[in-house]
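Asker: I am attaching a structure below and will ask some questions about it afterwards.
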Amino acid sequence: MSMALSEENSLALQDYLATRREWVERALAELPVWQQGASDRLVEAMRYSLLDGGKRLRPILLLASAEALGANAQPFLPFACALECIHTYSLIHDDLPAMDDDALRRGRATCHKQFDEATAILAGDALLTLAFELVAQPVAEVDPAVSLQLIALLARAAGMAGMVGGQMLDMVSEKQEISLSQLRKLHACKTGALIQASCITGAWLAGGAMVFRDRFAEYGSAIGLAFQITDDILDETGDSRLLGKATGQDQQSSKATYPRLMGLPQARREAEIQIERAEESLSGLGTAADPLRWLARYILTRNQ
C-alpha cells in the first residue's frame, strides 16, 4: 500500500493547513497580553519566539479534531493558542545551553542567542503560564467544567508525566545507552504527550464522548511517534536548508534515535505502521476527518 498522498489530497491539505494556520497566526498576534507586559524586553522575546512561524501543528490538530466531529472550531482558538504557547516555551528551554545548546531554530537565532539566557528562561516561563491563563478564560461555547478538566489534561501533558519528564529522560539518555522501549517512552513523553493532548482537547471541546476522546488519543499517540521517527530520519537524511536547523547532530552526539537503534529501513517501516494505526483510529468518521487522515500521511512524507 502506498502511503503517499494523491496530488488532489495534497493540494487540499495544503489549503486546509494554510487557512487554519492563518487563523492561529492572527489569534496569536492579537493576544491581549502584548499590551499588558511589565517589561518590553520580555514581551519582545516572547513575540520573537511565538510569532516566528512554524508549522502550528498542535493548534491545527486541535482545530481539525474538533472539526472531524462536526464542530465549528473557531471559538476554540484560545485553546489552540495555549497549545502553541506551551510548545514554544518548551522549544525556548530545550535550546538553552544547559539543555540541547542550539544556536538555530527555524533558520533564526534561538531566543537565548537573540537576547540572553535569563531573558529566554523568563520568556519561556511567561509563555507557559500564559497558556493556562488562556484555557482558564471563559468561552461562551465551552462548559467551564470542561475547561477545568482541560487545564488538568494540559498540565499533565506539559509536566513531569509529559514534556518535562521526557526532556529529563532525553538528557539522561545522552550519558548512557538506552533500549528501544526506553526511547519510545522518552518520545511518548517529550513529543507525543502534547500532540496527543491537542487531539483529545479538540474532540473534548467538540462534545465528543469518551469513546471518541479515546480514539483521538490513539490517533495523537500514533502520529506523535511517527513525527518523532521522521524527525530522527530527517536528522540523518534531511537538507539543513529546508529544515532550518543543522542536521547530523544526533549522530555527532551519539544520541539514541530510531534509525540508530533499528536501522533506517526498519525505522521508515515503523513510521508507516504508526500512520496505519492513526488512520485506523479514524475509521467510521466521515469526510470531515479527511484533514486528519491527510495530515498523518503528510507527516510520513515531509522533508522539513
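Ordered as shown in the C-alpha cells, chains take letters A, B, and onward, while each chain numbers its residues from 1 and ligands are numbered from 1 in the order shown.
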Quick one: DSSP strand (DSSP E or B) residues in region 90-153 of chain A, as a PyMOL selection string?
Answerer: chain A and resi 104-105+108-109
Asker: Neighbours of Val33 (chain A) within 12 Å (only C-alpha atoms; same-chain residues fewer than 3 positions away dropped), as JSON, numbers by chain?
Answerer: {"A": [27, 28, 29, 30, 36, 37, 38, 39, 40, 42, 43, 44, 46, 47, 126, 127, 129, 130, 131, 133, 134]}
Asker: Excluding same-chain residues fewer than 4 positions from region 147-161 of chain A, what lies within 10 Å of it counting only C-alpha atoms, as number ranges by chain?
Answerer: A: 79, 82-83, 86-87, 90, 128, 131-139, 142-143, 165-168, 188-198, 200-201, 204-205
Asker: Considering only C-alpha atoms, state which residue in the set A:Ala288, A:Arg26, A:Ala256, A:Leu31 is at the smallest distance from Met171 (chain A).
Answerer: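 When distances to Met171 (chain A) are compared using only C-alpha atoms, the smallest one comes from A:Ala256.
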Asker: Go through A:Leu50, A:Met3, A:Ala206, A:Ala217 and flag the residue nearest Ala120 (chain A), using only C-alpha atoms for the distances.
Answerer: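 Checking each of A:Leu50, A:Met3, A:Ala206, A:Ala217 against Ala120 (chain A), counting only C-alpha atoms, the winner is A:Leu50.
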Asker: Between A:Arg20, A:Gln35, A:Phe216, A:Gln74, single out the one closest to Ala140 (chain A), counting only C-alpha atoms.
Answerer: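 Smallest separation from Ala140 (chain A) among the options: A:Gln74.
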Asker: Counting only C-alpha atoms, what is within 10 Å of Leu264 (chain A), bar same-chain residues fewer than 3 positions away, as number ranges by chain?
Answerer: A: 229, 232-233, 236-237, 258-261, 267-270
Asker: Next, dump the selected residues to file, keeping only N, CA and C atoms, as a PDB file, in the first residue's frame.
Answerer:
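Output (part-v7.pdb):
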ATOM      1  N   ILE A 229       9.865   9.726  14.761  1.00  0.00           N
ATOM      2  CA  ILE A 229      10.684   8.823  13.941  1.00  0.00           C
ATOM      3  C   ILE A 229      11.133   9.547  12.674  1.00  0.00           C
ATOM      4  N   ASP A 232      13.869  11.975  13.404  1.00  0.00           N
ATOM      5  CA  ASP A 232      15.160  11.283  13.541  1.00  0.00           C
ATOM      6  C   ASP A 232      15.737  10.921  12.166  1.00  0.00           C
ATOM      7  N   ILE A 233      14.865  10.476  11.267  1.00  0.00           N
ATOM      8  CA  ILE A 233      15.308  10.114   9.915  1.00  0.00           C
ATOM      9  C   ILE A 233      15.820  11.354   9.182  1.00  0.00           C
ATOM     10  N   GLU A 236      19.261  12.488   9.823  1.00  0.00           N
ATOM     11  CA  GLU A 236      20.291  11.733   9.105  1.00  0.00           C
ATOM     12  C   GLU A 236      20.288  12.028   7.608  1.00  0.00           C
ATOM     13  N   THR A 237      19.094  12.237   7.043  1.00  0.00           N
ATOM     14  CA  THR A 237      18.988  12.299   5.579  1.00  0.00           C
ATOM     15  C   THR A 237      18.506  13.644   5.046  1.00  0.00           C
ATOM     16  N   TYR A 258      15.737   6.405  16.441  1.00  0.00           N
ATOM     17  CA  TYR A 258      15.133   5.211  15.840  1.00  0.00           C
ATOM     18  C   TYR A 258      16.020   4.618  14.739  1.00  0.00           C
ATOM     19  N   PRO A 259      16.572   5.427  13.812  1.00  0.00           N
ATOM     20  CA  PRO A 259      17.460   4.831  12.809  1.00  0.00           C
ATOM     21  C   PRO A 259      18.684   4.157  13.439  1.00  0.00           C
ATOM     22  N   ARG A 260      19.194   4.744  14.499  1.00  0.00           N
ATOM     23  CA  ARG A 260      20.398   4.182  15.136  1.00  0.00           C
ATOM     24  C   ARG A 260      20.097   2.846  15.808  1.00  0.00           C
ATOM     25  N   LEU A 261      18.922   2.739  16.460  1.00  0.00           N
ATOM     26  CA  LEU A 261      18.577   1.521  17.183  1.00  0.00           C
ATOM     27  C   LEU A 261      17.908   0.465  16.306  1.00  0.00           C
ATOM     28  N   ALA A 267      13.188   1.765  10.598  1.00  0.00           N
ATOM     29  CA  ALA A 267      12.621   2.987  11.173  1.00  0.00           C
ATOM     30  C   ALA A 267      11.546   3.547  10.245  1.00  0.00           C
ATOM     31  N   ARG A 268      11.833   3.527   8.946  1.00  0.00           N
ATOM     32  CA  ARG A 268      10.822   4.003   7.977  1.00  0.00           C
ATOM     33  C   ARG A 268       9.563   3.129   8.042  1.00  0.00           C
ATOM     34  N   ARG A 269       9.746   1.824   8.158  1.00  0.00           N
ATOM     35  CA  ARG A 269       8.601   0.916   8.237  1.00  0.00           C
ATOM     36  C   ARG A 269       7.809   1.159   9.524  1.00  0.00           C
ATOM     37  N   GLU A 270       8.510   1.409  10.626  1.00  0.00           N
ATOM     38  CA  GLU A 270       7.835   1.679  11.897  1.00  0.00           C
ATOM     39  C   GLU A 270       6.977   2.939  11.803  1.00  0.00           C
TER      40      GLU A 270
END
Asker: From a DSSP pass on the backbone, collect the residues of region 28-214 of chain A flagged as alpha helix (DSSP H) and hand them back as an MDAnalysis selection string.
Answerer: chainID A and resid 28:29 40:50 57:68 77:94 111:114 117:136 144:158 163:173 180:187 193:205 210:214
Asker: Would you save the residues of that selection, restricted to C-alpha atoms, as a tab-separated table (two decimals), in the first residue's frame?
Answerer:
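In the end it all went to result.tsv:
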chain	number	residue	atom	x	y	z
A	28	LEU	CA	-1.61	34.72	18.48
A	29	ALA	CA	-0.80	38.19	17.14
A	40	ASP	CA	9.13	45.48	26.86
A	41	ARG	CA	12.18	43.24	26.55
A	42	LEU	CA	10.28	40.23	27.91
A	43	VAL	CA	7.36	40.85	25.54
A	44	GLU	CA	9.81	41.22	22.65
A	45	ALA	CA	11.45	37.87	23.47
A	46	MET	CA	8.05	36.13	23.80
A	47	ARG	CA	6.87	37.55	20.48
A	48	TYR	CA	10.19	36.71	18.81
A	49	SER	CA	9.76	33.02	19.60
A	50	LEU	CA	5.96	32.68	19.43
A	57	LEU	CA	0.91	21.53	14.15
A	58	ARG	CA	-0.54	21.28	17.66
A	59	PRO	CA	-3.14	24.07	17.36
A	60	ILE	CA	-4.13	22.80	13.91
A	61	LEU	CA	-4.57	19.27	15.31
A	62	LEU	CA	-6.91	20.70	17.94
A	63	LEU	CA	-8.97	22.53	15.31
A	64	ALA	CA	-9.01	19.54	12.93
A	65	SER	CA	-10.05	17.14	15.70
A	66	ALA	CA	-12.95	19.38	16.69
A	67	GLU	CA	-14.00	19.77	13.05
A	68	ALA	CA	-13.77	16.00	12.48
A	77	LEU	CA	-8.82	29.33	19.13
A	78	PRO	CA	-7.82	30.42	22.69
A	79	PHE	CA	-7.19	26.74	23.46
A	80	ALA	CA	-5.24	26.36	20.20
A	81	CYS	CA	-3.11	29.39	21.16
A	82	ALA	CA	-2.49	27.86	24.58
A	83	LEU	CA	-1.03	24.75	22.95
A	84	GLU	CA	1.31	26.83	20.83
A	85	CYS	CA	2.42	28.80	23.91
A	86	ILE	CA	3.30	25.55	25.70
A	87	HIS	CA	5.11	24.20	22.64
A	88	THR	CA	7.09	27.43	22.15
A	89	TYR	CA	8.07	27.58	25.83
A	90	SER	CA	9.44	24.05	25.54
A	91	LEU	CA	11.50	24.95	22.45
A	92	ILE	CA	12.99	28.04	24.14
A	93	HIS	CA	14.04	25.99	27.16
A	94	ASP	CA	15.22	22.97	25.11
A	111	CYS	CA	15.86	33.02	21.84
A	112	HIS	CA	18.86	32.94	24.21
A	113	LYS	CA	21.20	33.82	21.31
A	114	GLN	CA	18.99	36.71	20.16
A	117	GLU	CA	19.83	33.24	28.74
A	118	ALA	CA	17.96	34.90	31.59
A	119	THR	CA	15.51	36.61	29.21
A	120	ALA	CA	14.96	33.34	27.34
A	121	ILE	CA	14.19	31.46	30.57
A	122	LEU	CA	11.71	34.14	31.63
A	123	ALA	CA	10.11	34.27	28.17
A	124	GLY	CA	9.55	30.51	28.37
A	125	ASP	CA	8.13	30.80	31.89
A	126	ALA	CA	5.80	33.58	30.78
A	127	LEU	CA	4.52	31.60	27.77
A	128	LEU	CA	3.82	28.50	29.86
A	129	THR	CA	1.82	30.46	32.43
A	130	LEU	CA	0.04	32.41	29.65
A	131	ALA	CA	-1.19	29.08	28.24
A	132	PHE	CA	-3.10	28.29	31.43
A	133	GLU	CA	-4.48	31.83	31.59
A	134	LEU	CA	-5.89	31.32	28.08
A	135	VAL	CA	-7.50	27.96	28.90
A	136	ALA	CA	-9.00	29.33	32.13
A	144	PRO	CA	-16.39	25.82	32.48
A	145	ALA	CA	-16.22	22.25	33.87
A	146	VAL	CA	-14.67	21.13	30.56
A	147	SER	CA	-12.14	23.98	30.69
A	148	LEU	CA	-11.17	22.87	34.20
A	149	GLN	CA	-10.61	19.29	33.03
A	150	LEU	CA	-8.57	20.55	30.07
A	151	ILE	CA	-6.33	22.55	32.41
A	152	ALA	CA	-5.53	19.28	34.20
A	153	LEU	CA	-5.00	17.44	30.89
A	154	LEU	CA	-2.58	20.08	29.56
A	155	ALA	CA	-0.74	20.29	32.90
A	156	ARG	CA	-0.12	16.52	32.75
A	157	ALA	CA	0.99	16.69	29.12
A	158	ALA	CA	3.39	19.56	29.82
A	163	MET	CA	7.21	17.01	28.19
A	164	VAL	CA	9.31	17.93	31.23
A	165	GLY	CA	9.75	14.28	32.19
A	166	GLY	CA	10.58	13.45	28.56
A	167	GLN	CA	13.25	16.14	28.41
A	168	MET	CA	14.79	14.75	31.59
A	169	LEU	CA	14.86	11.25	30.07
A	170	ASP	CA	16.42	12.74	26.94
A	171	MET	CA	19.21	14.38	28.91
A	172	VAL	CA	19.88	11.17	30.87
A	173	SER	CA	19.93	9.14	27.64
A	180	LEU	CA	14.16	0.89	22.04
A	181	SER	CA	11.38	0.65	24.64
A	182	GLN	CA	13.04	3.39	26.70
A	183	LEU	CA	13.36	5.54	23.58
A	184	ARG	CA	9.64	5.06	22.88
A	185	LYS	CA	8.81	6.14	26.44
A	186	LEU	CA	11.09	9.18	26.12
A	187	HIS	CA	9.36	10.39	22.96
A	193	ALA	CA	2.18	13.94	25.08
A	194	LEU	CA	1.32	17.43	23.80
A	195	ILE	CA	0.42	16.17	20.31
A	196	GLN	CA	-1.91	13.63	21.88
A	197	ALA	CA	-3.37	16.26	24.23
A	198	SER	CA	-4.04	18.52	21.22
A	199	CYS	CA	-6.21	15.86	19.59
A	200	ILE	CA	-8.03	14.93	22.81
A	201	THR	CA	-8.69	18.63	23.56
A	202	GLY	CA	-10.24	19.19	20.12
A	203	ALA	CA	-12.52	16.16	20.49
A	204	TRP	CA	-13.48	17.15	24.04
A	205	LEU	CA	-14.29	20.73	23.06
A	210	MET	CA	-15.25	9.32	25.92
A	211	VAL	CA	-15.11	6.70	23.16
A	212	PHE	CA	-14.23	9.45	20.66
A	213	ARG	CA	-11.70	11.01	23.01
A	214	ASP	CA	-10.02	7.59	23.32
Asker: In Å, how far is it from CA of Ile275 (chain A) to CA of Thr19 (chain A)?
Answerer: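 Here the two named atoms are 23.8 Å from each other.
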